[in-house]
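One file, input-v2.cif, is given below (mmCIF, C-alpha atoms).
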data_input
loop_
_atom_site.label_atom_id
_atom_site.label_comp_id
_atom_site.auth_asym_id
_atom_site.auth_seq_id
_atom_site.Cartn_x
_atom_site.Cartn_y
_atom_site.Cartn_z
CA MET A 1 70.23 -90.97 -6.56
CA SER A 2 73.57 -90.52 -4.84
CA ILE A 3 76.26 -88.13 -6.05
CA ARG A 4 79.47 -90.04 -6.70
CA VAL A 5 82.87 -88.54 -5.82
CA ALA A 6 86.15 -90.14 -6.91
CA VAL A 7 89.37 -89.32 -5.05
CA LEU A 8 92.34 -90.33 -7.22
CA ASP A 9 95.89 -91.49 -6.59
CA ASP A 10 95.72 -91.73 -2.80
CA TYR A 11 99.08 -93.53 -2.71
CA GLN A 12 99.41 -93.49 1.09
CA ASP A 13 95.74 -94.34 1.87
CA VAL A 14 95.32 -91.14 3.89
CA ALA A 15 92.62 -89.14 2.07
CA LEU A 16 89.79 -90.16 4.38
CA LYS A 17 91.89 -89.43 7.48
CA MET A 18 92.93 -85.89 6.60
CA THR A 19 89.58 -84.15 6.99
CA ASP A 20 85.98 -84.73 8.02
CA TRP A 21 84.23 -86.05 4.91
CA SER A 22 81.01 -86.50 6.90
CA MET A 23 80.47 -82.76 6.40
CA LEU A 24 79.26 -83.60 2.90
CA PRO A 25 75.52 -84.15 2.31
CA SER A 26 74.25 -87.64 3.11
CA ASP A 27 73.59 -88.42 -0.57
CA VAL A 28 77.27 -87.97 -1.49
CA GLN A 29 79.20 -91.20 -1.92
CA VAL A 30 83.01 -90.93 -1.81
CA GLN A 31 85.23 -93.61 -3.38
CA VAL A 32 89.00 -93.48 -2.95
CA PHE A 33 91.41 -95.05 -5.44
CA ARG A 34 94.92 -95.80 -4.18
CA ASP A 35 96.41 -97.15 -7.40
CA HIS A 36 97.57 -95.03 -10.32
CA LEU A 37 96.28 -95.67 -13.83
CA ALA A 38 98.48 -94.45 -16.67
CA ASP A 39 96.27 -95.56 -19.57
CA PRO A 40 93.70 -92.83 -20.39
CA GLN A 41 91.18 -95.47 -21.51
CA GLU A 42 91.44 -97.21 -18.15
CA VAL A 43 91.00 -93.85 -16.40
CA ALA A 44 87.91 -93.11 -18.50
CA GLN A 45 86.44 -96.51 -17.75
CA ARG A 46 87.03 -96.07 -14.03
CA LEU A 47 85.56 -92.57 -13.81
CA ARG A 48 82.43 -92.98 -15.92
CA GLY A 49 79.45 -92.40 -13.66
CA PHE A 50 81.24 -90.00 -11.31
CA GLU A 51 79.92 -86.44 -11.11
CA ILE A 52 82.86 -85.15 -9.05
CA VAL A 53 86.55 -86.06 -9.26
CA MET A 54 89.37 -84.92 -7.00
CA ALA A 55 92.82 -85.07 -8.62
CA MET A 56 95.98 -84.94 -6.53
CA ARG A 57 98.35 -82.49 -8.21
CA GLU A 58 99.34 -83.71 -11.70
CA ARG A 59 99.35 -87.43 -10.96
CA THR A 60 96.51 -88.13 -13.44
CA PRO A 61 96.28 -85.87 -16.52
CA PHE A 62 92.90 -84.69 -17.81
CA PRO A 63 93.31 -83.79 -21.50
CA ARG A 64 90.33 -82.92 -23.69
CA ARG A 65 90.04 -86.46 -25.06
CA LEU A 66 89.59 -87.92 -21.57
CA LEU A 67 87.18 -85.21 -20.43
CA GLU A 68 85.02 -85.85 -23.50
CA GLU A 69 84.62 -89.45 -22.33
CA LEU A 70 83.24 -88.39 -18.94
CA PRO A 71 79.80 -86.94 -19.76
CA GLN A 72 78.60 -87.08 -16.16
CA LEU A 73 81.56 -85.15 -14.75
CA LYS A 74 80.48 -81.73 -13.46
CA LEU A 75 83.18 -80.78 -10.94
CA LEU A 76 86.91 -81.47 -11.20
CA ILE A 77 88.99 -80.48 -8.17
CA THR A 78 92.75 -80.12 -8.29
CA THR A 79 94.96 -79.60 -5.29
CA GLY A 80 96.56 -76.18 -5.62
CA MET A 81 95.28 -73.41 -7.86
CA ARG A 82 97.20 -74.44 -10.98
CA ASN A 83 97.43 -77.77 -12.76
CA ALA A 84 99.14 -77.97 -16.14
CA SER A 85 97.84 -81.51 -16.71
CA ILE A 86 94.19 -80.39 -16.84
CA ASP A 87 92.89 -78.94 -20.11
CA ILE A 88 91.08 -75.99 -18.54
CA ASP A 89 89.64 -74.76 -21.85
CA ALA A 90 88.24 -78.19 -22.67
CA ALA A 91 86.63 -78.43 -19.24
CA ARG A 92 85.01 -75.03 -19.80
CA ASP A 93 83.73 -76.08 -23.21
CA LEU A 94 82.25 -79.26 -21.74
CA GLY A 95 80.53 -77.51 -18.84
CA ILE A 96 82.89 -78.90 -16.19
CA THR A 97 83.76 -76.57 -13.33
CA VAL A 98 87.40 -76.79 -12.20
CA CYS A 99 88.15 -75.73 -8.64
CA GLY A 100 91.36 -75.68 -6.65
CA THR A 101 92.59 -75.61 -3.09
CA ARG A 102 95.02 -73.60 -1.06
CA GLY A 103 98.52 -74.95 -0.47
CA GLN A 104 101.84 -74.26 1.18
CA GLY A 105 105.19 -73.38 -0.35
CA PHE A 106 107.64 -74.15 2.43
CA PRO A 107 107.52 -77.99 2.33
CA THR A 108 109.14 -78.09 -1.13
CA ALA A 109 111.84 -75.63 -0.06
CA GLU A 110 112.53 -77.83 2.97
CA LEU A 111 112.75 -80.97 0.85
CA THR A 112 115.21 -79.20 -1.45
CA TRP A 113 117.58 -78.89 1.48
CA ALA A 114 116.95 -82.48 2.54
CA LEU A 115 118.16 -83.57 -0.91
CA ILE A 116 121.16 -81.23 -0.84
CA LEU A 117 122.32 -82.42 2.58
CA ALA A 118 121.70 -86.07 1.72
CA LEU A 119 123.90 -85.69 -1.36
CA VAL A 120 126.82 -83.75 0.04
CA ARG A 121 127.03 -85.79 3.27
CA HIS A 122 126.24 -89.14 1.60
CA VAL A 123 123.42 -89.83 4.04
CA PRO A 124 121.74 -92.69 2.12
CA GLN A 125 125.05 -94.53 1.62
CA GLU A 126 126.12 -94.08 5.24
CA ASP A 127 122.71 -95.18 6.49
CA ARG A 128 122.87 -98.39 4.45
CA ALA A 129 126.46 -99.06 5.44
CA THR A 130 125.85 -98.52 9.16
CA ARG A 131 122.87 -100.90 9.11
CA ALA A 132 125.10 -103.46 7.36
CA GLY A 133 127.72 -103.27 10.14
CA GLN A 134 130.15 -100.87 8.49
CA TRP A 135 131.38 -97.58 9.89
CA GLN A 136 132.24 -94.35 8.03
CA VAL A 137 132.52 -95.43 4.40
CA SER A 138 132.65 -91.97 2.78
CA VAL A 139 133.91 -88.42 3.26
CA GLY A 140 131.26 -85.75 2.84
CA GLU A 141 131.49 -82.06 2.03
CA GLY A 142 130.46 -78.94 3.91
CA LEU A 143 128.30 -76.14 2.53
CA ASN A 144 129.83 -73.11 4.21
CA GLY A 145 131.65 -70.99 1.62
CA LYS A 146 130.28 -72.95 -1.34
CA VAL A 147 128.30 -71.34 -4.17
CA LEU A 148 124.55 -71.96 -4.44
CA GLY A 149 123.02 -71.24 -7.84
CA VAL A 150 119.25 -70.72 -7.74
CA ILE A 151 117.40 -70.97 -11.07
CA GLY A 152 114.10 -69.21 -10.42
CA LEU A 153 113.88 -66.79 -7.52
CA GLY A 154 110.13 -66.82 -6.93
CA ASN A 155 108.33 -67.97 -3.81
CA LEU A 156 110.18 -71.28 -3.51
CA GLY A 157 113.53 -70.17 -4.89
CA SER A 158 113.71 -67.22 -2.51
CA GLN A 159 113.03 -69.51 0.47
CA VAL A 160 115.81 -71.83 -0.66
CA ALA A 161 118.14 -68.85 -1.06
CA ASN A 162 117.42 -67.65 2.48
CA ILE A 163 118.35 -71.05 3.88
CA GLY A 164 121.51 -71.03 1.78
CA LYS A 165 122.54 -67.80 3.47
CA ALA A 166 122.06 -69.46 6.86
CA PHE A 167 124.55 -72.13 5.80
CA GLY A 168 127.07 -69.43 4.93
CA MET A 169 126.91 -70.00 1.19
CA SER A 170 127.51 -67.47 -1.58
CA LEU A 171 124.39 -67.01 -3.70
CA MET A 172 123.80 -66.38 -7.38
CA ALA A 173 120.52 -66.53 -9.26
CA TRP A 174 119.08 -66.51 -12.77
CA SER A 175 115.74 -66.76 -14.55
CA GLN A 176 114.36 -65.25 -17.74
CA ASN A 177 112.68 -62.31 -16.01
CA LEU A 178 114.81 -61.91 -12.89
CA THR A 179 116.03 -58.38 -12.17
CA ALA A 180 119.17 -57.36 -10.29
CA GLU A 181 116.97 -55.55 -7.76
CA ARG A 182 114.95 -58.67 -6.89
CA ALA A 183 118.09 -60.79 -6.75
CA ALA A 184 119.64 -58.33 -4.31
CA GLN A 185 116.52 -58.51 -2.11
CA TYR A 186 117.45 -62.08 -1.24
CA GLY A 187 121.19 -61.56 -0.97
CA THR A 188 121.88 -63.10 -4.38
CA THR A 189 123.76 -61.85 -7.41
CA LEU A 190 122.04 -61.86 -10.80
CA VAL A 191 124.22 -63.66 -13.36
CA SER A 192 123.73 -65.28 -16.75
CA LYS A 193 122.50 -68.86 -16.90
CA ASP A 194 125.85 -70.07 -18.22
CA GLU A 195 127.75 -68.25 -15.49
CA LEU A 196 125.52 -69.73 -12.80
CA LEU A 197 125.98 -73.25 -14.15
CA SER A 198 129.74 -72.99 -14.48
CA GLN A 199 130.43 -71.37 -11.10
CA SER A 200 127.94 -73.03 -8.72
CA ASP A 201 128.75 -75.93 -6.45
CA ILE A 202 125.05 -76.68 -6.16
CA VAL A 203 122.44 -75.76 -8.79
CA THR A 204 118.79 -75.90 -7.71
CA ILE A 205 115.80 -75.41 -10.00
CA HIS A 206 112.61 -73.59 -8.97
CA LEU A 207 110.67 -72.84 -12.16
CA VAL A 208 107.20 -73.59 -13.47
CA LEU A 209 107.17 -76.04 -16.38
CA SER A 210 106.22 -74.18 -19.56
CA ALA A 211 107.14 -74.10 -23.23
CA ARG A 212 110.18 -71.96 -22.49
CA THR A 213 111.43 -73.98 -19.51
CA ARG A 214 110.93 -77.48 -20.97
CA GLY A 215 114.41 -78.85 -21.73
CA LEU A 216 116.05 -75.76 -20.22
CA ILE A 217 118.92 -77.88 -18.89
CA GLY A 218 120.31 -80.14 -21.61
CA ALA A 219 123.64 -81.68 -22.52
CA ARG A 220 125.25 -78.29 -23.25
CA GLU A 221 124.17 -76.84 -19.92
CA LEU A 222 125.23 -79.93 -17.96
CA GLY A 223 128.59 -79.74 -19.72
CA LEU A 224 129.11 -76.26 -18.27
CA MET A 225 128.82 -77.52 -14.69
CA GLN A 226 131.82 -78.44 -12.60
CA ARG A 227 132.52 -82.16 -12.19
CA THR A 228 132.21 -81.61 -8.43
CA ALA A 229 128.83 -79.87 -8.68
CA TYR A 230 125.38 -81.20 -7.76
CA LEU A 231 122.04 -80.58 -9.51
CA ILE A 232 118.75 -80.45 -7.59
CA ASN A 233 115.28 -80.58 -9.14
CA THR A 234 112.13 -80.32 -7.03
CA SER A 235 110.13 -78.48 -9.73
CA ARG A 236 109.19 -80.64 -12.74
CA GLY A 237 111.12 -83.41 -14.45
CA PRO A 238 110.97 -82.19 -18.07
CA ILE A 239 112.81 -78.95 -17.21
CA ILE A 240 115.92 -81.14 -17.45
CA GLU A 241 116.52 -83.30 -20.52
CA GLU A 242 116.36 -86.70 -18.85
CA GLN A 243 118.66 -88.66 -21.15
CA ALA A 244 121.30 -85.93 -21.01
CA LEU A 245 121.19 -86.00 -17.20
CA ILE A 246 121.45 -89.80 -17.11
CA GLN A 247 124.50 -89.64 -19.35
CA ALA A 248 126.12 -86.88 -17.27
CA LEU A 249 125.61 -88.91 -14.08
CA GLN A 250 126.89 -92.11 -15.65
CA GLN A 251 129.99 -90.40 -17.05
CA GLY A 252 130.70 -88.31 -13.94
CA THR A 253 130.26 -85.02 -15.79
CA ILE A 254 128.63 -83.80 -12.57
CA ALA A 255 129.03 -85.21 -9.07
CA GLY A 256 125.41 -86.10 -8.50
CA ALA A 257 121.75 -85.12 -8.55
CA GLY A 258 118.92 -84.86 -6.04
CA LEU A 259 115.61 -85.47 -7.82
CA ASP A 260 112.05 -85.34 -6.54
CA VAL A 261 110.39 -85.09 -9.97
CA PHE A 262 110.61 -87.12 -13.16
CA ASP A 263 109.39 -87.21 -16.75
CA GLU A 264 107.18 -90.20 -15.94
CA GLU A 265 105.65 -90.63 -12.51
CA PRO A 266 105.56 -93.03 -10.77
CA LEU A 267 109.13 -93.72 -11.89
CA PRO A 268 109.30 -96.95 -13.95
CA LEU A 269 110.84 -99.90 -12.10
CA ASP A 270 113.61 -100.30 -14.67
CA HIS A 271 114.56 -96.62 -14.79
CA PRO A 272 118.33 -95.84 -14.64
CA PHE A 273 117.81 -93.30 -11.84
CA ARG A 274 116.96 -96.22 -9.55
CA ARG A 275 120.42 -97.72 -10.13
CA LEU A 276 122.68 -94.66 -10.17
CA GLU A 277 124.67 -94.41 -6.93
CA ASN A 278 125.29 -90.66 -7.33
CA THR A 279 121.62 -89.76 -7.04
CA VAL A 280 119.20 -89.23 -4.18
CA ILE A 281 115.68 -89.77 -5.49
CA THR A 282 112.35 -89.19 -3.77
CA PRO A 283 108.83 -89.87 -5.14
CA HIS A 284 107.57 -86.30 -5.69
CA LEU A 285 107.40 -85.57 -1.96
CA GLY A 286 107.88 -81.80 -2.17
CA TYR A 287 104.31 -80.98 -1.16
CA VAL A 288 103.61 -84.20 0.77
CA THR A 289 103.27 -83.21 4.43
CA LEU A 290 100.51 -83.63 6.98
CA GLU A 291 99.95 -79.87 7.05
CA THR A 292 99.57 -79.63 3.27
CA TYR A 293 97.35 -82.68 2.97
CA ARG A 294 95.01 -81.37 5.64
CA ILE A 295 94.62 -78.17 3.61
CA PHE A 296 94.21 -80.04 0.31
CA PHE A 297 91.52 -82.44 1.47
CA GLY A 298 89.80 -79.97 3.79
CA ASP A 299 89.49 -77.46 0.95
CA ALA A 300 88.28 -80.20 -1.40
CA VAL A 301 85.39 -80.95 0.95
CA GLU A 302 84.61 -77.21 1.05
CA ASP A 303 84.75 -77.09 -2.76
CA ILE A 304 82.27 -79.95 -3.06
CA ARG A 305 79.86 -78.44 -0.53
CA ALA A 306 80.01 -75.04 -2.20
CA PHE A 307 79.48 -76.50 -5.67
CA LEU A 308 76.49 -78.56 -4.56
CA SER A 309 74.96 -75.48 -2.93
CA GLY A 310 75.26 -73.56 -6.20
CA THR A 311 78.05 -71.18 -5.10
CA PRO A 312 81.34 -72.70 -6.27
CA THR A 313 84.48 -71.47 -4.54
CA ARG A 314 88.12 -71.27 -5.63
CA VAL A 315 87.01 -71.60 -9.25
CA ILE A 316 89.86 -71.90 -11.77
CA ASN A 317 87.59 -71.84 -14.80
CA ALA A 318 84.00 -70.80 -15.37
CA PRO A 319 82.01 -73.04 -17.73
CA ARG A 320 80.32 -71.26 -20.59
CA GLY A 321 76.77 -70.57 -19.57
#
Show how you would write the structure in this file as structure tokens.
Amino acid sequence: MSIRVAVLDDYQDVALKMTDWSMLPSDVQVQVFRDHLADPQEVAQRLRGFEIVMAMRERTPFPRRLLEELPQLKLLITTGMRNASIDIDAARDLGITVCGTRGQGFPTAELTWALILALVRHVPQEDRATRAGQWQVSVGEGLNGKVLGVIGLGNLGSQVANIGKAFGMSLMAWSQNLTAERAAQYGTTLVSKDELLSQSDIVTIHLVLSARTRGLIGARELGLMQRTAYLINTSRGPIIEEQALIQALQQGTIAGAGLDVFDEEPLPLDHPFRRLENTVITPHLGYVTLETYRIFFGDAVEDIRAFLSGTPTRVINAPRG
């Protein structure tokens, strides 16, 4: 009997190219799925019969109800060491080991700046116009001397702040637990959330999605921002109230938004963000680099080998014995 491994949501068809899967025992059969299934029943139907599943970030959720429909599942691998879309307690109760992988923080910080520069210098519009035979159709803005407001000064936020200093920007920061001492470490000034929103030319979010950060930026907060200000989100979509942001962008309450994350992913074809000219949108690319994928898939192969040998590694939960 072969051991069946499912690799989910391989959008770019690269999973088998990123590491040497032949390192797995000969009785392991790997099947890669490129398409994304949103219906939990369809996911359950697809994954029945698989003992091992590799999930890419939070693309496919694994709530208790789905896990209960996968009686043969013994090992669930997530890329990274944290995945809010997996019910870790349910997996433990059901005897499913959940393991993670290492990752890298800098790609998301780099993409944050790609979005900022694309917005303020109108790169997408100028690219389209130049290809269409036009020349210089907009006037962009510089960053030097502008105010960068960083919401969340952890690993990613601090990297973004350091790059902001290199551009000659003034820096302010806020989060629920941020201290003045930590803010000063990165050349930023600790301010209130309202002060940051009202005084920043660019607001960038670097928080983990949780009960206290869900809906953190709503209509009131967007109303505090300057009409010339830009909002960047490379963290998680639900941190911003989506309908409030759509309305602010449509009405010109803020100048624009750079978004890599959304409430629903992949983004629906009829979503307003696809039509708004004052947005730059990317399909959750923050972590998507060759370097990161090689770590993700290489560690996944290590996780499978370790689990099959009886010594699981990078365990996020420990099933009840």
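What separates CA of Gln12 in chain A from CA of Ile295 in chain A is a distance of 16.2 Å.
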Pick from A:Val32, A:Leu259, A:Ala219, A:Leu249 nearest to Tyr11 in chain A, counting only C-alpha atoms: A:Val32
For Leu75 in chain A, which residue among A:Val288, A:Val98, A:Ala173, A:Ile116 is the nearest when counting all atoms listed in the file?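 Residue with the minimum atom-to-atom distance to Leu75 in chain A: A:Val98.
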Running the PyMOL selection byres ((chain A and resi 234) around 9) on this model by hand, what would come out? Give it as a PyMOL selection string. chain A and resi 108-109+111-112+204-206+232-233+235-237+258-261+284-286
Which residue, A:Ile281, A:Ala257, A:Ala183, A:Leu153, has the smallest gap to Val203 in chain A when you use all atoms listed in the file?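 Counting all atoms listed in the file, the residue closest to Val203 in chain A is A:Ala257.
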With distances taken over all atoms listed in the file, which residue among A:Ala306, A:Ile239, A:Val53, A:Ala44 lies nearest Leu66 in chain A?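 Of A:Ala306, A:Ile239, A:Val53, A:Ala44, the one nearest Leu66 in chain A, counting all atoms listed in the file, is A:Ala44.
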Given only C-alpha atoms as the basis, pick out the residue of A:Thr292, A:Asn317, A:Gln31, A:Thr253 nearest to Val7 in chain A.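 Of A:Thr292, A:Asn317, A:Gln31, A:Thr253, the one nearest Val7 in chain A is A:Gln31, counting only C-alpha atoms.
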Kindly give the distance, in Å, that separates CA of Gly168 in chain A and CA of Thr279 in chain A, rounded to a single decimal.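 CA of Thr279 in chain A lies 24.2 Å from CA of Gly168 in chain A.
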Which is closest to Tyr293 in chain A among A:Ser22, A:Ile254, A:Phe62, A:Gly103, if we use only C-alpha atoms? A:Gly103
For this structure, which residues satisfy the selection - the PyMOL selection byres ((chain A and resi 296-302) around 10) - when it is evaluated on the file as given? I want them as a PyMOL selection string. chain A and resi 7+14-24+53-57+76-80+99-104+290-295+303-308+312-314
For this structure, which residues satisfy the selection - the PyMOL selection byres ((chain A and resi 137) around 12) - when it is evaluated on the file as given? I want them as number ranges by chain. A: 121-130, 132-136, 138-140
With C-alpha atoms retained, export the selected residues as an mmCIF file, in the frame of the given file.
data_model
loop_
_atom_site.group_PDB
_atom_site.id
_atom_site.type_symbol
_atom_site.label_atom_id
_atom_site.label_comp_id
_atom_site.auth_asym_id
_atom_site.auth_seq_id
_atom_site.Cartn_x
_atom_site.Cartn_y
_atom_site.Cartn_z
ATOM 1 C CA ARG A 121 127.030 -85.790 3.270
ATOM 2 C CA HIS A 122 126.240 -89.140 1.600
ATOM 3 C CA VAL A 123 123.420 -89.830 4.040
ATOM 4 C CA PRO A 124 121.740 -92.690 2.120
ATOM 5 C CA GLN A 125 125.050 -94.530 1.620
ATOM 6 C CA GLU A 126 126.120 -94.080 5.240
ATOM 7 C CA ASP A 127 122.710 -95.180 6.490
ATOM 8 C CA ARG A 128 122.870 -98.390 4.450
ATOM 9 C CA ALA A 129 126.460 -99.060 5.440
ATOM 10 C CA THR A 130 125.850 -98.520 9.160
ATOM 11 C CA ALA A 132 125.100 -103.460 7.360
ATOM 12 C CA GLY A 133 127.720 -103.270 10.140
ATOM 13 C CA GLN A 134 130.150 -100.870 8.490
ATOM 14 C CA TRP A 135 131.380 -97.580 9.890
ATOM 15 C CA GLN A 136 132.240 -94.350 8.030
ATOM 16 C CA SER A 138 132.650 -91.970 2.780
ATOM 17 C CA VAL A 139 133.910 -88.420 3.260
ATOM 18 C CA GLY A 140 131.260 -85.750 2.840
#
Interatomic distance (Å, one decimal) between CA of Phe33 in chain A and CA of Pro71 in chain A: 20.1 Å
